[in-house]
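Q: Mind looking over this structure? Questions follow.
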2 protein chains.
Amino acid sequence: MDTVSNKKKLHVIKIGGNVIDNSENLYHFLKDFTALQGYKVLVHGGGKVATQMAEQLGIESKMIDGRRITDIETLRVVTMVYGGLINKNIVAQLQRFGTNAIGLTGADGNFIKAVKRPVKTIDYGFVGDLNDDSVDASAISRLLAAGFTPVFSALTHDGDGQLLNTNADTIASALAVALADIYETTLIYCFEKKGVLQDINDDESLIRDINPKRYEELKKQQIIHSGMLPKLDNAFKAISCGVKAVVIGKSDELGSLQQGQPFGTTLSN
Amino acid sequence: MDTVSNKKKLHVIKIGGNVIDNSENLYHFLKDFTALQGYKVLVHGGGKVATQMAEQLGIESKMIDGRRITDIETLRVVTMVYGGLINKNIVAQLQRFGTNAIGLTGADGNFIKAVKRPVKTIDYGFVGDLNDDSVDASAISRLLAAGFTPVFSALTHDGDGQLLNTNADTIASALAVALADIYETTLIYCFEKKGVLQDINDDESLIRDINPKRYEELKKQQIIHSGMLPKLDNAFKAISCGVKAVVIGKSDELGSLQQGQPFGTTLSN
C-alpha cells in the first residue's frame, strides 16, 4: 500500500544551453514554468554567451584532458554572464509572466556552500564541488514560504568570500535531494531530446518510465546511449536519496505536465 | 515631548565607486556593515568596472549633453557588472563576515518597478525612473523578516520583461522612503568626504547636524557646495516623506556609528 505524503509538492527544474541560447525556446519555457502549480525552483546553466563573452574579452579557454579550467578571469566572466546577464533576464521575464522570481547564486542566503575542488593531477581552478551538507534546505524553504521562486545560476561559494563555478546539473540534483526532506520533490532535466530513447535517432522511440529494474535491463541490452549513463546513474542516486521522481524531457513539452499529459521519461522506484 | 517609535530600526546604506573600486575600502566597509545592529539594506552603484568592461568590449560610451545614454549594449554590460560581478562578490564577502546577504536587482521579487524614461528631447535609452509606487516595501520586509539582508544593485525592471538602469542614490532614497512606513529608517550615503563641510578643502570643517532651518541658512551663506545641493535637497525630501534621518559620511568611518560615536553629517527635522 502506498503511503500518502503530507508534504507539499515541489518541482526543481534545470534548463541548459538549448533553452537559454534560443530566445523563443526560453520564452515558451518560462511561460510553461509559470503555469506549473506548486512550489518551484529553477536552475540554469550557462549556454554559449559565456564562451562568446570570454572570446570577446580575449580570454583563452583553457582545457586540460578535454575539461574546462575556471581560472580567475573565466570566473569573472561566468559571474557576469551566469549570475548577472542570464539570471537577471530570466527573472525579469518570469516577473512579466507573474512568477515572483528571485535570481540567486549559492552565495546568496548562503544557500549552497561548496568546496573548491582539490588539486590532484589537474588544477580545475575556481570550481566548487558539493557534498551532503552543501544545500541549506531550511533557508530555501523560508524563501519559498515567503512567496518567492528561487532561480539559481551555476555559481556557489566557499563561505570564505570566494565564488565558485559549479555544474548546473549537480546543483539541481543537490537542491532536489536536500529539499526532498521538506517537500515531495520532482527533479526535471530539460534536454534537447524528448527523453530517454530506445533508438537515439528516433524521437518516437521514447521510453516513458524506467524503474531501477528496467534500468538494469536497458543497460544490459546496451539500449541506453553511453552519454546518458552518468545522467541516469545520478538520477537514480537522487531517487535513492528521497527525490520522488526524476523526469528527463524536452523543454517545449513542459506544458503537458501541467495539463496532466505525459512528459518525457520518468525515472522512479 | 518626543513620541517613542515602536518600529524596528532599519539602515539603508548606499555605497558608490570610492568603496567598490578599492578592495581594501570595500573589505573594511563590509566588515563594519556586518557589525551594524538591526535590519539593513545595502545599495551599490557601479564604479569603474562597468566603464572598463564596456571599453574592453569595444562599446562606445554615448553621452548627450554630458549625460550617459544606456543603449542595449550598455544595458548588457551594466547587467553583467552591477547585477553579476559586483553584486555577487559583495554577497560572497558579506557571507564570509556573517551577514546573510541576498543580492538583488529591482526585478527580483518585483521589489522595484520603474518606468522607462520617456523620450523628450533626449532618448536616455534603458533608464528607469522611480515613482511613489515603485518599491514593494511589504515584499522587502518579508525578506528581512525571513532573516536575509538585501543587497541591491542599480538595476530595476519595467514589469514587462525589461531590465532598466537606475541611479543608485535614487534607489536608496526610494527604498528608505517606502520602508519608513514599516521601520524607523535611517538612510546613509557613503561618500568620499567626511560629510558636509564648511570648507570643502578642510576635512576638519565637518558640519555634524543640519536641520531644515540651518540648511536654509547654509544655502543663503553659500557655504554648501553646488554639487551637494541636489543630494541635500533629495535628503530633506526623503525626511519629509518619513525617513528619520539621512547621514552623509565617509565609508571608512561607518564603524563609529556602531560604537555610538558621531558619524558624518546627520540631516533630520
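Each chain in the C-alpha cells gets a letter, A, B and so on, in the order shown; residues start at 1 in every chain, and ligands are counted from 1 in the order they appear.
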So which residues of segment 42-250 of chain A fall under strand (DSSP E) by DSSP, listed as number ranges by chain?
A: A: 42-44, 62-64, 67-69, 101-104, 115-116, 128-129, 149-152, 155-157, 163-165, 184-191, 209-210, 245-250
Q: Skipping near chain neighbours, those fewer than 6 positions away, what residues fall within 10 Å of Asn110 of chain A using only C-alpha atoms, listed as a list of chain:residue names?
A: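 Here the answer would be A:Ser134, A:Val135, A:Asp136, A:Ala139, A:Ile140, A:Thr156, A:His157, A:Asp158, A:Gly159, B:Val91, B:Ala92, B:Leu94, B:Gln95, B:Arg96, B:Gly98, B:Thr99, B:Asn100, B:Ala101, B:Ile102, B:Phe148.
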Q: Those same residues, written as a PDB file, in the first residue's frame with C-alpha atoms?
A:
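Output saved as again.pdb:
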ATOM      1  CA  SER A 134      26.074  21.926   0.829  1.00  0.00           C
ATOM      2  CA  VAL A 135      22.432  22.946   0.495  1.00  0.00           C
ATOM      3  CA  ASP A 136      20.607  24.828   3.265  1.00  0.00           C
ATOM      4  CA  ALA A 139      16.758  28.597   4.349  1.00  0.00           C
ATOM      5  CA  ILE A 140      15.451  27.939   0.831  1.00  0.00           C
ATOM      6  CA  THR A 156      28.269  28.645  -5.481  1.00  0.00           C
ATOM      7  CA  HIS A 157      30.672  29.956  -2.835  1.00  0.00           C
ATOM      8  CA  ASP A 158      33.112  28.547  -0.299  1.00  0.00           C
ATOM      9  CA  GLY A 159      31.756  30.571   2.648  1.00  0.00           C
TER      10      GLY A 159
ATOM     11  CA  VAL B  91      27.338  38.988  -1.289  1.00  0.00           C
ATOM     12  CA  ALA B  92      30.089  36.348  -1.064  1.00  0.00           C
ATOM     13  CA  LEU B  94      29.268  39.579   3.341  1.00  0.00           C
ATOM     14  CA  GLN B  95      28.578  35.868   3.860  1.00  0.00           C
ATOM     15  CA  ARG B  96      32.183  35.443   4.921  1.00  0.00           C
ATOM     16  CA  GLY B  98      28.388  36.524   8.733  1.00  0.00           C
ATOM     17  CA  THR B  99      25.798  38.776   7.059  1.00  0.00           C
ATOM     18  CA  ASN B 100      23.169  36.588   5.404  1.00  0.00           C
ATOM     19  CA  ALA B 101      23.076  38.700   2.242  1.00  0.00           C
ATOM     20  CA  ILE B 102      20.935  38.170  -0.849  1.00  0.00           C
ATOM     21  CA  PHE B 148      18.024  37.929   4.875  1.00  0.00           C
TER      22      PHE B 148
END
Q: Which of segment 109-164 of chain B end up as alpha helix (DSSP H) when DSSP is run on this backbone - answer as a PyMOL selection string?
A: chain B and resi 137-145
Q: Might you pull out every residue within 12 Å of Leu218 of chain A, with only C-alpha atoms counted and same-chain residues fewer than 2 positions away left off, and present them as a VMD selection string?
A: chain A and resid 196 to 199 207 209 to 216 220 to 226 228 to 229 232
Q: Counting only C-alpha atoms, which residues of chain A sit at most 10 Å from some atom of chain B, and what is each one's closest atom pair with its distance in Å to one decimal, listed by chain and rising residue number, as a tab-separated table?
A:
residue	atom	partner	partner_atom	distance
A:Met53	CA	B:Leu57	CA	8.6
A:Gln56	CA	B:Leu57	CA	6.4
A:Leu57	CA	B:Leu57	CA	6.3
A:Gly58	CA	B:Gln56	CA	9.1
A:Leu75	CA	B:Leu85	CA	9.5
A:Arg76	CA	B:Leu85	CA	6.6
A:Val77	CA	B:Leu85	CA	8.2
A:Val78	CA	B:Leu85	CA	8.8
A:Thr79	CA	B:Leu85	CA	5.5
A:Met80	CA	B:Met80	CA	4.3
A:Val81	CA	B:Met80	CA	5.9
A:Tyr82	CA	B:Gly84	CA	7.6
A:Gly83	CA	B:Gly84	CA	4.8
A:Gly84	CA	B:Gly84	CA	3.6
A:Leu85	CA	B:Met80	CA	4.9
A:Ile86	CA	B:Met80	CA	8.6
A:Asn87	CA	B:Gly84	CA	8.6
A:Lys88	CA	B:Gly83	CA	7.3
A:Asn89	CA	B:Leu163	CA	7.1
A:Ile90	CA	B:Gly161	CA	8.5
A:Val91	CA	B:Asp108	CA	6.3
A:Ala92	CA	B:Gly161	CA	4.6
A:Gln93	CA	B:Gly161	CA	4.3
A:Leu94	CA	B:Gly161	CA	7.5
A:Gln95	CA	B:Gly159	CA	6.3
A:Arg96	CA	B:Asp160	CA	4.7
A:Phe97	CA	B:Asp160	CA	8.1
A:Gly98	CA	B:Gly159	CA	9.1
A:Thr99	CA	B:Gly109	CA	8.9
A:Asn100	CA	B:Gly109	CA	5.3
A:Ala101	CA	B:Gly109	CA	5.6
A:Ile102	CA	B:Asp108	CA	4.4
A:Gly103	CA	B:Asp108	CA	6.2
A:Leu104	CA	B:Gly103	CA	7.2
A:Thr105	CA	B:Lys88	CA	7.6
A:Gly106	CA	B:Ala92	CA	9.0
A:Ala107	CA	B:Ala92	CA	5.4
A:Asp108	CA	B:Ile102	CA	4.4
A:Gly109	CA	B:Asn100	CA	5.3
A:Asn110	CA	B:Asn100	CA	6.6
A:Phe111	CA	B:Asn100	CA	9.6
A:Ala139	CA	B:Ala146	CA	8.5
A:Arg142	CA	B:Ala146	CA	6.3
A:Leu143	CA	B:Ala146	CA	7.2
A:Ala145	CA	B:Ala146	CA	9.3
A:Ala146	CA	B:Arg142	CA	6.3
A:Gly147	CA	B:Gly109	CA	8.8
A:Phe148	CA	B:Gly109	CA	6.5
A:Thr149	CA	B:Gly109	CA	8.3
A:Pro150	CA	B:Asp108	CA	9.4
A:Val151	CA	B:Asp108	CA	9.6
A:Leu155	CA	B:Lys88	CA	9.6
A:Thr156	CA	B:Ala92	CA	9.1
A:His157	CA	B:Ala92	CA	6.7
A:Asp158	CA	B:Ala92	CA	8.4
A:Gly159	CA	B:Arg96	CA	5.4
A:Asp160	CA	B:Arg96	CA	4.7
A:Gly161	CA	B:Gln93	CA	4.3
A:Gln162	CA	B:Ala92	CA	6.3
A:Leu163	CA	B:Ala92	CA	6.5
Q: Could you name the residues that touch Lys193 of chain A at 8 Å or less, counting only C-alpha atoms, but leaving out those on the same chain fewer than 6 positions away, as JSON, numbers by chain?
A: {"A": [203, 249, 250]}
Q: Give me the residues within 8 Å of Ile15 of chain B as a list in words, counting only C-alpha atoms and dropping any in the same chain fewer than 3 places off.
A: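 In the requested format, the answer is Asn18, Val19, Ile20, Leu42, Val43, His44, Gly45, Tyr189, Cys190, Phe191 and Ser251 of chain B.
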